[in-house]
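Quick look at data.tsv (TSV, N, CA, C and O atoms):
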chain	number	residue	atom	x	y	z
A	1	MET	N	54.92	105.98	15.93
A	1	MET	CA	54.25	104.87	15.27
A	1	MET	C	54.98	104.60	13.94
A	1	MET	O	55.27	105.52	13.21
A	2	SER	N	55.26	103.34	13.67
A	2	SER	CA	55.94	102.95	12.45
A	2	SER	C	55.05	102.06	11.61
A	2	SER	O	54.17	101.38	12.13
A	3	LYS	N	55.29	102.05	10.31
A	3	LYS	CA	54.54	101.19	9.40
A	3	LYS	C	55.43	100.04	8.96
A	3	LYS	O	56.62	100.22	8.73
A	4	TYR	N	54.82	98.87	8.82
A	4	TYR	CA	55.51	97.68	8.35
A	4	TYR	C	54.70	97.07	7.22
A	4	TYR	O	53.48	97.06	7.27
A	5	ARG	N	55.40	96.57	6.21
A	5	ARG	CA	54.73	95.97	5.04
A	5	ARG	C	55.23	94.55	4.84
A	5	ARG	O	56.44	94.32	4.80
A	6	TYR	N	54.29	93.62	4.70
A	6	TYR	CA	54.62	92.23	4.47
A	6	TYR	C	53.72	91.66	3.38
A	6	TYR	O	52.56	92.04	3.27
A	7	LEU	N	54.26	90.73	2.62
A	7	LEU	CA	53.47	89.99	1.66
A	7	LEU	C	52.57	89.04	2.44
A	7	LEU	O	53.04	88.29	3.30
A	8	VAL	N	51.27	89.06	2.14
A	8	VAL	CA	50.31	88.19	2.81
A	8	VAL	C	49.70	87.27	1.76
A	8	VAL	O	49.24	87.73	0.71
A	9	ILE	N	49.71	85.99	2.04
A	9	ILE	CA	49.13	84.99	1.16
A	9	ILE	C	47.75	84.63	1.70
A	9	ILE	O	47.60	84.33	2.88
A	10	VAL	N	46.75	84.66	0.83
A	10	VAL	CA	45.39	84.26	1.20
A	10	VAL	C	45.06	83.03	0.38
A	10	VAL	O	45.18	83.03	-0.85
A	11	GLU	N	44.64	81.98	1.07
A	11	GLU	CA	44.30	80.72	0.40
A	11	GLU	C	42.86	80.35	0.71
A	11	GLU	O	42.41	80.52	1.84
A	12	LYS	N	42.17	79.85	-0.31
A	12	LYS	CA	40.80	79.39	-0.10
A	12	LYS	C	40.84	77.97	0.41
A	12	LYS	O	41.47	77.10	-0.16
A	13	GLY	N	40.14	77.75	1.52
A	13	GLY	CA	40.02	76.41	2.07
A	13	GLY	C	38.66	75.83	1.71
A	13	GLY	O	37.90	76.42	0.93
A	14	GLU	N	38.35	74.71	2.30
A	14	GLU	CA	37.08	74.05	2.01
A	14	GLU	C	35.88	74.87	2.49
A	14	GLU	O	34.86	74.94	1.81
A	15	HIS	N	36.03	75.53	3.66
A	15	HIS	CA	34.90	76.26	4.23
A	15	HIS	C	35.17	77.74	4.48
A	15	HIS	O	34.25	78.47	4.86
A	16	ASN	N	36.41	78.18	4.34
A	16	ASN	CA	36.74	79.58	4.59
A	16	ASN	C	38.06	79.92	3.91
A	16	ASN	O	38.56	79.16	3.10
A	17	TYR	N	38.60	81.07	4.26
A	17	TYR	CA	39.90	81.52	3.75
A	17	TYR	C	40.89	81.57	4.89
A	17	TYR	O	40.52	81.81	6.04
A	18	GLY	N	42.15	81.38	4.58
A	18	GLY	CA	43.22	81.51	5.56
A	18	GLY	C	44.28	82.44	5.02
A	18	GLY	O	44.45	82.57	3.80
A	19	ALA	N	44.99	83.12	5.91
A	19	ALA	CA	46.04	84.05	5.49
A	19	ALA	C	47.26	83.88	6.36
A	19	ALA	O	47.15	83.55	7.55
A	20	TYR	N	48.42	84.09	5.76
A	20	TYR	CA	49.68	84.07	6.50
A	20	TYR	C	50.69	84.94	5.77
A	20	TYR	O	50.54	85.23	4.59
A	21	ALA	N	51.71	85.34	6.48
A	21	ALA	CA	52.82	86.11	5.89
A	21	ALA	C	54.07	85.26	6.03
A	21	ALA	O	54.50	84.99	7.16
A	22	PRO	N	54.67	84.82	4.92
A	22	PRO	CA	55.86	83.98	5.02
A	22	PRO	C	57.00	84.61	5.82
A	22	PRO	O	57.78	83.89	6.45
A	23	ASP	N	57.08	85.93	5.83
A	23	ASP	CA	58.15	86.61	6.58
A	23	ASP	C	57.85	86.71	8.07
A	23	ASP	O	58.71	87.13	8.84
A	24	VAL	N	56.62	86.35	8.47
A	24	VAL	CA	56.21	86.47	9.87
A	24	VAL	C	55.67	85.13	10.35
A	24	VAL	O	54.46	84.94	10.47
A	25	PRO	N	56.55	84.17	10.62
A	25	PRO	CA	56.10	82.85	11.03
A	25	PRO	C	55.21	82.91	12.28
A	25	PRO	O	55.47	83.67	13.20
A	26	GLY	N	54.15	82.12	12.25
A	26	GLY	CA	53.26	82.03	13.40
A	26	GLY	C	52.12	83.01	13.40
A	26	GLY	O	51.23	82.94	14.23
A	27	CYS	N	52.11	83.95	12.48
A	27	CYS	CA	51.03	84.93	12.40
A	27	CYS	C	50.08	84.50	11.29
A	27	CYS	O	50.44	84.51	10.11
A	28	VAL	N	48.87	84.11	11.68
A	28	VAL	CA	47.88	83.60	10.72
A	28	VAL	C	46.51	84.14	11.07
A	28	VAL	O	46.28	84.65	12.17
A	29	SER	N	45.58	84.02	10.12
A	29	SER	CA	44.19	84.39	10.39
A	29	SER	C	43.29	83.61	9.45
A	29	SER	O	43.75	82.96	8.51
A	30	ALA	N	41.99	83.70	9.71
A	30	ALA	CA	41.00	83.05	8.87
A	30	ALA	C	39.75	83.90	8.84
A	30	ALA	O	39.55	84.77	9.69
A	31	GLY	N	38.90	83.65	7.85
A	31	GLY	CA	37.64	84.37	7.75
A	31	GLY	C	36.76	83.78	6.67
A	31	GLY	O	37.20	82.94	5.89
A	32	ASP	N	35.52	84.23	6.64
A	32	ASP	CA	34.56	83.73	5.66
A	32	ASP	C	34.76	84.33	4.28
A	32	ASP	O	34.36	83.73	3.28
A	33	THR	N	35.36	85.51	4.20
A	33	THR	CA	35.63	86.17	2.92
A	33	THR	C	37.09	86.61	2.90
A	33	THR	O	37.75	86.66	3.95
A	34	ILE	N	37.58	86.96	1.72
A	34	ILE	CA	38.95	87.46	1.63
A	34	ILE	C	39.09	88.74	2.44
A	34	ILE	O	40.06	88.92	3.19
A	35	GLU	N	38.12	89.64	2.32
A	35	GLU	CA	38.18	90.91	3.04
A	35	GLU	C	38.21	90.70	4.55
A	35	GLU	O	38.98	91.34	5.26
A	36	GLU	N	37.36	89.81	5.03
A	36	GLU	CA	37.32	89.52	6.47
A	36	GLU	C	38.63	88.89	6.93
A	36	GLU	O	39.17	89.24	7.98
A	37	THR	N	39.17	88.00	6.13
A	37	THR	CA	40.41	87.33	6.46
A	37	THR	C	41.56	88.34	6.54
A	37	THR	O	42.38	88.29	7.47
A	38	LEU	N	41.61	89.26	5.60
A	38	LEU	CA	42.67	90.28	5.63
A	38	LEU	C	42.50	91.23	6.80
A	38	LEU	O	43.49	91.65	7.42
A	39	ALA	N	41.27	91.57	7.14
A	39	ALA	CA	41.02	92.43	8.31
A	39	ALA	C	41.50	91.73	9.58
A	39	ALA	O	42.17	92.34	10.43
A	40	HIS	N	41.19	90.44	9.69
A	40	HIS	CA	41.65	89.67	10.85
A	40	HIS	C	43.17	89.58	10.86
A	40	HIS	O	43.79	89.65	11.93
A	41	PHE	N	43.76	89.44	9.67
A	41	PHE	CA	45.22	89.33	9.62
A	41	PHE	C	45.87	90.64	10.06
A	41	PHE	O	46.88	90.62	10.77
A	42	ARG	N	45.32	91.76	9.65
A	42	ARG	CA	45.89	93.05	10.09
A	42	ARG	C	45.91	93.13	11.61
A	42	ARG	O	46.89	93.57	12.21
A	43	GLU	N	44.80	92.74	12.23
A	43	GLU	CA	44.73	92.75	13.70
A	43	GLU	C	45.76	91.79	14.29
A	43	GLU	O	46.46	92.14	15.25
A	44	ALA	N	45.84	90.58	13.74
A	44	ALA	CA	46.79	89.59	14.25
A	44	ALA	C	48.23	90.07	14.09
A	44	ALA	O	49.05	89.90	14.99
A	45	LEU	N	48.53	90.69	12.96
A	45	LEU	CA	49.88	91.19	12.71
A	45	LEU	C	50.23	92.30	13.69
A	45	LEU	O	51.34	92.35	14.22
A	46	GLN	N	49.30	93.20	13.92
A	46	GLN	CA	49.55	94.30	14.87
A	46	GLN	C	49.85	93.73	16.26
A	46	GLN	O	50.82	94.12	16.90
A	47	ILE	N	49.04	92.79	16.71
A	47	ILE	CA	49.26	92.17	18.02
A	47	ILE	C	50.59	91.41	18.04
A	47	ILE	O	51.35	91.51	19.01
A	48	HIS	N	50.87	90.70	16.97
A	48	HIS	CA	52.13	89.93	16.87
A	48	HIS	C	53.33	90.86	16.97
A	48	HIS	O	54.28	90.60	17.73
A	49	LEU	N	53.31	91.96	16.21
A	49	LEU	CA	54.45	92.89	16.23
A	49	LEU	C	54.58	93.60	17.57
A	49	LEU	O	55.69	93.79	18.07
A	50	GLU	N	53.46	93.99	18.16
A	50	GLU	CA	53.52	94.64	19.47
A	50	GLU	C	54.14	93.70	20.50
A	50	GLU	O	54.96	94.12	21.32
A	51	GLY	N	53.76	92.42	20.45
A	51	GLY	CA	54.36	91.44	21.35
A	51	GLY	C	55.84	91.26	21.10
A	51	GLY	O	56.65	91.11	22.03
A	52	THR	N	56.21	91.27	19.83
A	52	THR	CA	57.62	91.16	19.46
A	52	THR	C	58.42	92.30	20.06
A	52	THR	O	59.49	92.09	20.65
A	53	PHE	N	57.90	93.52	19.95
A	53	PHE	CA	58.61	94.69	20.47
A	53	PHE	C	58.64	94.68	22.00
A	53	PHE	O	59.64	95.07	22.61
A	54	GLU	N	57.55	94.23	22.62
A	54	GLU	CA	57.52	94.13	24.08
A	54	GLU	C	58.57	93.14	24.59
A	54	GLU	O	59.10	93.31	25.69
A	55	ASP	N	58.88	92.13	23.79
A	55	ASP	CA	59.91	91.16	24.15
A	55	ASP	C	61.32	91.67	23.85
A	55	ASP	O	62.29	90.94	24.04
A	56	GLY	N	61.42	92.90	23.34
A	56	GLY	CA	62.72	93.49	23.06
A	56	GLY	C	63.33	93.02	21.75
A	56	GLY	O	64.53	93.19	21.53
A	57	LEU	N	62.51	92.45	20.88
A	57	LEU	CA	63.00	91.94	19.60
A	57	LEU	C	62.68	92.92	18.48
A	57	LEU	O	61.83	93.81	18.63
A	58	SER	N	63.30	92.73	17.34
A	58	SER	CA	63.05	93.55	16.15
A	58	SER	C	61.94	92.92	15.31
A	58	SER	O	61.69	91.72	15.39
A	59	ALA	N	61.33	93.73	14.49
A	59	ALA	CA	60.32	93.23	13.55
A	59	ALA	C	60.97	92.29	12.56
A	59	ALA	O	62.13	92.49	12.17
A	60	PRO	N	60.25	91.25	12.15
A	60	PRO	CA	60.80	90.36	11.12
A	60	PRO	C	61.13	91.16	9.85
A	60	PRO	O	60.41	92.07	9.48
A	61	ALA	N	62.22	90.79	9.23
A	61	ALA	CA	62.62	91.46	7.99
A	61	ALA	C	61.65	91.10	6.88
A	61	ALA	O	61.28	89.93	6.71
A	62	ALA	N	61.22	92.09	6.15
A	62	ALA	CA	60.33	91.86	5.02
A	62	ALA	C	61.16	91.69	3.76
A	62	ALA	O	62.30	92.13	3.69
A	63	GLY	N	60.57	91.04	2.78
A	63	GLY	CA	61.21	90.96	1.49
A	63	GLY	C	61.97	89.68	1.21
A	63	GLY	O	62.65	89.59	0.19
A	64	SER	N	61.86	88.69	2.10
A	64	SER	CA	62.56	87.44	1.81
A	64	SER	C	61.77	86.58	0.83
A	64	SER	O	62.27	85.58	0.35
A	65	VAL	N	60.53	86.98	0.56
A	65	VAL	CA	59.69	86.27	-0.41
A	65	VAL	C	59.08	87.28	-1.37
A	65	VAL	O	58.97	88.46	-1.07
A	66	ALA	N	58.69	86.80	-2.51
A	66	ALA	CA	58.02	87.64	-3.50
A	66	ALA	C	56.94	86.81	-4.17
A	66	ALA	O	56.99	85.59	-4.16
A	67	ALA	N	55.99	87.48	-4.76
A	67	ALA	CA	54.93	86.79	-5.50
A	67	ALA	C	54.70	87.53	-6.80
A	67	ALA	O	54.78	88.75	-6.86
A	68	GLU	N	54.42	86.77	-7.81
A	68	GLU	CA	54.16	87.34	-9.13
A	68	GLU	C	53.22	86.41	-9.87
A	68	GLU	O	53.36	85.19	-9.79
A	69	ILE	N	52.27	86.94	-10.55
A	69	ILE	CA	51.41	86.14	-11.42
A	69	ILE	C	52.06	86.12	-12.79
A	69	ILE	O	52.40	87.17	-13.33
A	70	ILE	N	52.26	84.93	-13.32
A	70	ILE	CA	52.86	84.81	-14.65
A	70	ILE	C	51.89	84.10	-15.58
A	70	ILE	O	51.01	83.36	-15.15
A	71	GLU	N	52.05	84.36	-16.85
A	71	GLU	CA	51.20	83.76	-17.87
A	71	GLU	C	52.08	83.06	-18.88
A	71	GLU	O	53.13	83.58	-19.26
A	72	VAL	N	51.68	81.86	-19.28
A	72	VAL	CA	52.43	81.12	-20.29
A	72	VAL	C	51.45	80.56	-21.32
A	72	VAL	O	50.29	80.31	-21.02
A	73	ASP	N	51.94	80.41	-22.52
A	73	ASP	CA	51.17	79.75	-23.57
A	73	ASP	C	51.62	78.29	-23.62
A	73	ASP	O	52.82	78.01	-23.65
A	74	VAL	N	50.67	77.39	-23.64
A	74	VAL	CA	50.99	75.97	-23.66
A	74	VAL	C	50.27	75.31	-24.83
A	74	VAL	O	49.05	75.45	-24.98
A	75	LEU	N	51.02	74.61	-25.63
A	75	LEU	CA	50.45	73.86	-26.74
A	75	LEU	C	49.89	72.56	-26.19
A	75	LEU	O	50.58	71.80	-25.52
A	76	THR	N	48.62	72.33	-26.42
A	76	THR	CA	47.97	71.11	-25.96
A	76	THR	C	47.75	70.19	-27.15
A	76	THR	O	47.13	70.57	-28.13
A	77	ILE	N	48.27	69.00	-27.04
A	77	ILE	CA	48.11	68.01	-28.11
A	77	ILE	C	47.14	66.95	-27.62
A	77	ILE	O	47.35	66.35	-26.58
A	78	VAL	N	46.10	66.74	-28.37
A	78	VAL	CA	45.11	65.73	-28.03
A	78	VAL	C	45.30	64.55	-28.97
A	78	VAL	O	45.26	64.71	-30.19
A	79	SER	N	45.54	63.38	-28.40
A	79	SER	CA	45.72	62.22	-29.24
A	79	SER	C	44.37	61.52	-29.42
A	79	SER	O	43.54	61.51	-28.52
A	80	LYS	N	44.19	60.95	-30.60
A	80	LYS	CA	42.94	60.22	-30.88
A	80	LYS	C	43.08	58.79	-30.38
A	80	LYS	O	44.08	58.14	-30.61
A	81	ALA	N	42.08	58.34	-29.65
A	81	ALA	CA	42.08	56.95	-29.16
A	81	ALA	C	41.79	56.00	-30.32
A	81	ALA	O	40.94	56.28	-31.17
A	82	SER	N	42.48	54.91	-30.37
A	82	SER	CA	42.28	53.94	-31.47
A	82	SER	C	41.18	52.98	-31.15
A	82	SER	O	40.90	52.57	-30.12
Would you kindly transcribe this structure into structure tokens?
Amino acid sequence: MSKYRYLVIVEKGEHNYGAYAPDVPGCVSAGDTIEETLAHFREALQIHLEGTFEDGLSAPAAGSVAAEIIEVDVLTIVSKAS
């Protein structure tokens, strides 16, 4: 048994959450909460990778994308209406 690590993006939609891994095209999931969405994604990823290996292919390469939260200071200028 091997372990694979991928960056997973979770986005809030109008009625639920969706998740995908940019390094694993076609593998997506959804759920009512972030936790549920990630649990569904783990299952989807496992099935996706098992199918990939059954087809004689290699796992998608991880690391072609990265994510970072950055913080910036922005000066806001408010103009007075005449």
Please return, as a PDB file with N, CA, C and O atoms, keeping the file's coordinate frame, all polymer residues that have at least one atom within 12 Å of the point (50.8, 92.7, 12.2); use only C-alpha atoms and the file's own coordinate frame.
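Contents of the output file point.pdb:
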ATOM      1  N   SER A   2      55.260 103.340  13.670  1.00  0.00           N
ATOM      2  CA  SER A   2      55.940 102.950  12.450  1.00  0.00           C
ATOM      3  C   SER A   2      55.050 102.060  11.610  1.00  0.00           C
ATOM      4  O   SER A   2      54.170 101.380  12.130  1.00  0.00           O
ATOM      5  N   LYS A   3      55.290 102.050  10.310  1.00  0.00           N
ATOM      6  CA  LYS A   3      54.540 101.190   9.400  1.00  0.00           C
ATOM      7  C   LYS A   3      55.430 100.040   8.960  1.00  0.00           C
ATOM      8  O   LYS A   3      56.620 100.220   8.730  1.00  0.00           O
ATOM      9  N   TYR A   4      54.820  98.870   8.820  1.00  0.00           N
ATOM     10  CA  TYR A   4      55.510  97.680   8.350  1.00  0.00           C
ATOM     11  C   TYR A   4      54.700  97.070   7.220  1.00  0.00           C
ATOM     12  O   TYR A   4      53.480  97.060   7.270  1.00  0.00           O
ATOM     13  N   ARG A   5      55.400  96.570   6.210  1.00  0.00           N
ATOM     14  CA  ARG A   5      54.730  95.970   5.040  1.00  0.00           C
ATOM     15  C   ARG A   5      55.230  94.550   4.840  1.00  0.00           C
ATOM     16  O   ARG A   5      56.440  94.320   4.800  1.00  0.00           O
ATOM     17  N   TYR A   6      54.290  93.620   4.700  1.00  0.00           N
ATOM     18  CA  TYR A   6      54.620  92.230   4.470  1.00  0.00           C
ATOM     19  C   TYR A   6      53.720  91.660   3.380  1.00  0.00           C
ATOM     20  O   TYR A   6      52.560  92.040   3.270  1.00  0.00           O
ATOM     21  N   LEU A   7      54.260  90.730   2.620  1.00  0.00           N
ATOM     22  CA  LEU A   7      53.470  89.990   1.660  1.00  0.00           C
ATOM     23  C   LEU A   7      52.570  89.040   2.440  1.00  0.00           C
ATOM     24  O   LEU A   7      53.040  88.290   3.300  1.00  0.00           O
ATOM     25  N   VAL A   8      51.270  89.060   2.140  1.00  0.00           N
ATOM     26  CA  VAL A   8      50.310  88.190   2.810  1.00  0.00           C
ATOM     27  C   VAL A   8      49.700  87.270   1.760  1.00  0.00           C
ATOM     28  O   VAL A   8      49.240  87.730   0.710  1.00  0.00           O
ATOM     29  N   ALA A  19      44.990  83.120   5.910  1.00  0.00           N
ATOM     30  CA  ALA A  19      46.040  84.050   5.490  1.00  0.00           C
ATOM     31  C   ALA A  19      47.260  83.880   6.360  1.00  0.00           C
ATOM     32  O   ALA A  19      47.150  83.550   7.550  1.00  0.00           O
ATOM     33  N   TYR A  20      48.420  84.090   5.760  1.00  0.00           N
ATOM     34  CA  TYR A  20      49.680  84.070   6.500  1.00  0.00           C
ATOM     35  C   TYR A  20      50.690  84.940   5.770  1.00  0.00           C
ATOM     36  O   TYR A  20      50.540  85.230   4.590  1.00  0.00           O
ATOM     37  N   ALA A  21      51.710  85.340   6.480  1.00  0.00           N
ATOM     38  CA  ALA A  21      52.820  86.110   5.890  1.00  0.00           C
ATOM     39  C   ALA A  21      54.070  85.260   6.030  1.00  0.00           C
ATOM     40  O   ALA A  21      54.500  84.990   7.160  1.00  0.00           O
ATOM     41  N   ASP A  23      57.080  85.930   5.830  1.00  0.00           N
ATOM     42  CA  ASP A  23      58.150  86.610   6.580  1.00  0.00           C
ATOM     43  C   ASP A  23      57.850  86.710   8.070  1.00  0.00           C
ATOM     44  O   ASP A  23      58.710  87.130   8.840  1.00  0.00           O
ATOM     45  N   VAL A  24      56.620  86.350   8.470  1.00  0.00           N
ATOM     46  CA  VAL A  24      56.210  86.470   9.870  1.00  0.00           C
ATOM     47  C   VAL A  24      55.670  85.130  10.350  1.00  0.00           C
ATOM     48  O   VAL A  24      54.460  84.940  10.470  1.00  0.00           O
ATOM     49  N   PRO A  25      56.550  84.170  10.620  1.00  0.00           N
ATOM     50  CA  PRO A  25      56.100  82.850  11.030  1.00  0.00           C
ATOM     51  C   PRO A  25      55.210  82.910  12.280  1.00  0.00           C
ATOM     52  O   PRO A  25      55.470  83.670  13.200  1.00  0.00           O
ATOM     53  N   GLY A  26      54.150  82.120  12.250  1.00  0.00           N
ATOM     54  CA  GLY A  26      53.260  82.030  13.400  1.00  0.00           C
ATOM     55  C   GLY A  26      52.120  83.010  13.400  1.00  0.00           C
ATOM     56  O   GLY A  26      51.230  82.940  14.230  1.00  0.00           O
ATOM     57  N   CYS A  27      52.110  83.950  12.480  1.00  0.00           N
ATOM     58  CA  CYS A  27      51.030  84.930  12.400  1.00  0.00           C
ATOM     59  C   CYS A  27      50.080  84.500  11.290  1.00  0.00           C
ATOM     60  O   CYS A  27      50.440  84.510  10.110  1.00  0.00           O
ATOM     61  N   VAL A  28      48.870  84.110  11.680  1.00  0.00           N
ATOM     62  CA  VAL A  28      47.880  83.600  10.720  1.00  0.00           C
ATOM     63  C   VAL A  28      46.510  84.140  11.070  1.00  0.00           C
ATOM     64  O   VAL A  28      46.280  84.650  12.170  1.00  0.00           O
ATOM     65  N   SER A  29      45.580  84.020  10.120  1.00  0.00           N
ATOM     66  CA  SER A  29      44.190  84.390  10.390  1.00  0.00           C
ATOM     67  C   SER A  29      43.290  83.610   9.450  1.00  0.00           C
ATOM     68  O   SER A  29      43.750  82.960   8.510  1.00  0.00           O
ATOM     69  N   LEU A  38      41.610  89.260   5.600  1.00  0.00           N
ATOM     70  CA  LEU A  38      42.670  90.280   5.630  1.00  0.00           C
ATOM     71  C   LEU A  38      42.500  91.230   6.800  1.00  0.00           C
ATOM     72  O   LEU A  38      43.490  91.650   7.420  1.00  0.00           O
ATOM     73  N   ALA A  39      41.270  91.570   7.140  1.00  0.00           N
ATOM     74  CA  ALA A  39      41.020  92.430   8.310  1.00  0.00           C
ATOM     75  C   ALA A  39      41.500  91.730   9.580  1.00  0.00           C
ATOM     76  O   ALA A  39      42.170  92.340  10.430  1.00  0.00           O
ATOM     77  N   HIS A  40      41.190  90.440   9.690  1.00  0.00           N
ATOM     78  CA  HIS A  40      41.650  89.670  10.850  1.00  0.00           C
ATOM     79  C   HIS A  40      43.170  89.580  10.860  1.00  0.00           C
ATOM     80  O   HIS A  40      43.790  89.650  11.930  1.00  0.00           O
ATOM     81  N   PHE A  41      43.760  89.440   9.670  1.00  0.00           N
ATOM     82  CA  PHE A  41      45.220  89.330   9.620  1.00  0.00           C
ATOM     83  C   PHE A  41      45.870  90.640  10.060  1.00  0.00           C
ATOM     84  O   PHE A  41      46.880  90.620  10.770  1.00  0.00           O
ATOM     85  N   ARG A  42      45.320  91.760   9.650  1.00  0.00           N
ATOM     86  CA  ARG A  42      45.890  93.050  10.090  1.00  0.00           C
ATOM     87  C   ARG A  42      45.910  93.130  11.610  1.00  0.00           C
ATOM     88  O   ARG A  42      46.890  93.570  12.210  1.00  0.00           O
ATOM     89  N   GLU A  43      44.800  92.740  12.230  1.00  0.00           N
ATOM     90  CA  GLU A  43      44.730  92.750  13.700  1.00  0.00           C
ATOM     91  C   GLU A  43      45.760  91.790  14.290  1.00  0.00           C
ATOM     92  O   GLU A  43      46.460  92.140  15.250  1.00  0.00           O
ATOM     93  N   ALA A  44      45.840  90.580  13.740  1.00  0.00           N
ATOM     94  CA  ALA A  44      46.790  89.590  14.250  1.00  0.00           C
ATOM     95  C   ALA A  44      48.230  90.070  14.090  1.00  0.00           C
ATOM     96  O   ALA A  44      49.050  89.900  14.990  1.00  0.00           O
ATOM     97  N   LEU A  45      48.530  90.690  12.960  1.00  0.00           N
ATOM     98  CA  LEU A  45      49.880  91.190  12.710  1.00  0.00           C
ATOM     99  C   LEU A  45      50.230  92.300  13.690  1.00  0.00           C
ATOM    100  O   LEU A  45      51.340  92.350  14.220  1.00  0.00           O
ATOM    101  N   GLN A  46      49.300  93.200  13.920  1.00  0.00           N
ATOM    102  CA  GLN A  46      49.550  94.300  14.870  1.00  0.00           C
ATOM    103  C   GLN A  46      49.850  93.730  16.260  1.00  0.00           C
ATOM    104  O   GLN A  46      50.820  94.120  16.900  1.00  0.00           O
ATOM    105  N   ILE A  47      49.040  92.790  16.710  1.00  0.00           N
ATOM    106  CA  ILE A  47      49.260  92.170  18.020  1.00  0.00           C
ATOM    107  C   ILE A  47      50.590  91.410  18.040  1.00  0.00           C
ATOM    108  O   ILE A  47      51.350  91.510  19.010  1.00  0.00           O
ATOM    109  N   HIS A  48      50.870  90.700  16.970  1.00  0.00           N
ATOM    110  CA  HIS A  48      52.130  89.930  16.870  1.00  0.00           C
ATOM    111  C   HIS A  48      53.330  90.860  16.970  1.00  0.00           C
ATOM    112  O   HIS A  48      54.280  90.600  17.730  1.00  0.00           O
ATOM    113  N   LEU A  49      53.310  91.960  16.210  1.00  0.00           N
ATOM    114  CA  LEU A  49      54.450  92.890  16.230  1.00  0.00           C
ATOM    115  C   LEU A  49      54.580  93.600  17.570  1.00  0.00           C
ATOM    116  O   LEU A  49      55.690  93.790  18.070  1.00  0.00           O
ATOM    117  N   GLU A  50      53.460  93.990  18.160  1.00  0.00           N
ATOM    118  CA  GLU A  50      53.520  94.640  19.470  1.00  0.00           C
ATOM    119  C   GLU A  50      54.140  93.700  20.500  1.00  0.00           C
ATOM    120  O   GLU A  50      54.960  94.120  21.320  1.00  0.00           O
ATOM    121  N   GLY A  51      53.760  92.420  20.450  1.00  0.00           N
ATOM    122  CA  GLY A  51      54.360  91.440  21.350  1.00  0.00           C
ATOM    123  C   GLY A  51      55.840  91.260  21.100  1.00  0.00           C
ATOM    124  O   GLY A  51      56.650  91.110  22.030  1.00  0.00           O
ATOM    125  N   THR A  52      56.210  91.270  19.830  1.00  0.00           N
ATOM    126  CA  THR A  52      57.620  91.160  19.460  1.00  0.00           C
ATOM    127  C   THR A  52      58.420  92.300  20.060  1.00  0.00           C
ATOM    128  O   THR A  52      59.490  92.090  20.650  1.00  0.00           O
ATOM    129  N   PHE A  53      57.900  93.520  19.950  1.00  0.00           N
ATOM    130  CA  PHE A  53      58.610  94.690  20.470  1.00  0.00           C
ATOM    131  C   PHE A  53      58.640  94.680  22.000  1.00  0.00           C
ATOM    132  O   PHE A  53      59.640  95.070  22.610  1.00  0.00           O
ATOM    133  N   ALA A  59      61.330  93.730  14.490  1.00  0.00           N
ATOM    134  CA  ALA A  59      60.320  93.230  13.550  1.00  0.00           C
ATOM    135  C   ALA A  59      60.970  92.290  12.560  1.00  0.00           C
ATOM    136  O   ALA A  59      62.130  92.490  12.170  1.00  0.00           O
ATOM    137  N   PRO A  60      60.250  91.250  12.150  1.00  0.00           N
ATOM    138  CA  PRO A  60      60.800  90.360  11.120  1.00  0.00           C
ATOM    139  C   PRO A  60      61.130  91.160   9.850  1.00  0.00           C
ATOM    140  O   PRO A  60      60.410  92.070   9.480  1.00  0.00           O
ATOM    141  N   ALA A  62      61.220  92.090   6.150  1.00  0.00           N
ATOM    142  CA  ALA A  62      60.330  91.860   5.020  1.00  0.00           C
ATOM    143  C   ALA A  62      61.160  91.690   3.760  1.00  0.00           C
ATOM    144  O   ALA A  62      62.300  92.130   3.690  1.00  0.00           O
TER     145      ALA A  62
END
(request) Mind giving me the straight-line distance from atom N of Gly13 (chain A) to atom C of Ala67 (chain A) in Å, one decimal? (result) 19.4 Å
(request) Write out as a list in words which residues come within 8 Å of Tyr17 (chain A) when counting only N, CA, C and O atoms, dropping same-chain ones fewer than 6 positions away. (result) Ile9, Val10, Glu11, Ser29, Ala30, Gly31, Asp32, Thr33, Ile34, Glu36, Thr37 and Leu38 of chain A
Determine the axis-aligned bounding box of all atoms of region 67-72 of chain A present in the file, pad each side by 5 Å, and express its centre and edge lengths in Å to one decimal place as lines of an AutoDock Vina configuration file.
center_x = 53.1
center_y = 84.5
center_z = -13.0
size_x = 15.7
size_y = 18.4
size_z = 26.6
(request) Run DSSP on the backbone and give me the residues of chain A it puts in strand (DSSP E or B), as a ChimeraX atom specification. (result) /A:9-12,17-20,28-31
(message) DSSP on the backbone: which residues in chain A end up as helix (DSSP H, G or I)? Give the answer as number ranges by chain.
(response) A: 34-54
(message) What's the separation between CA of Lys12 (chain A) and CA of Glu35 (chain A), in Å to one decimal place?
(response) 12.2 Å
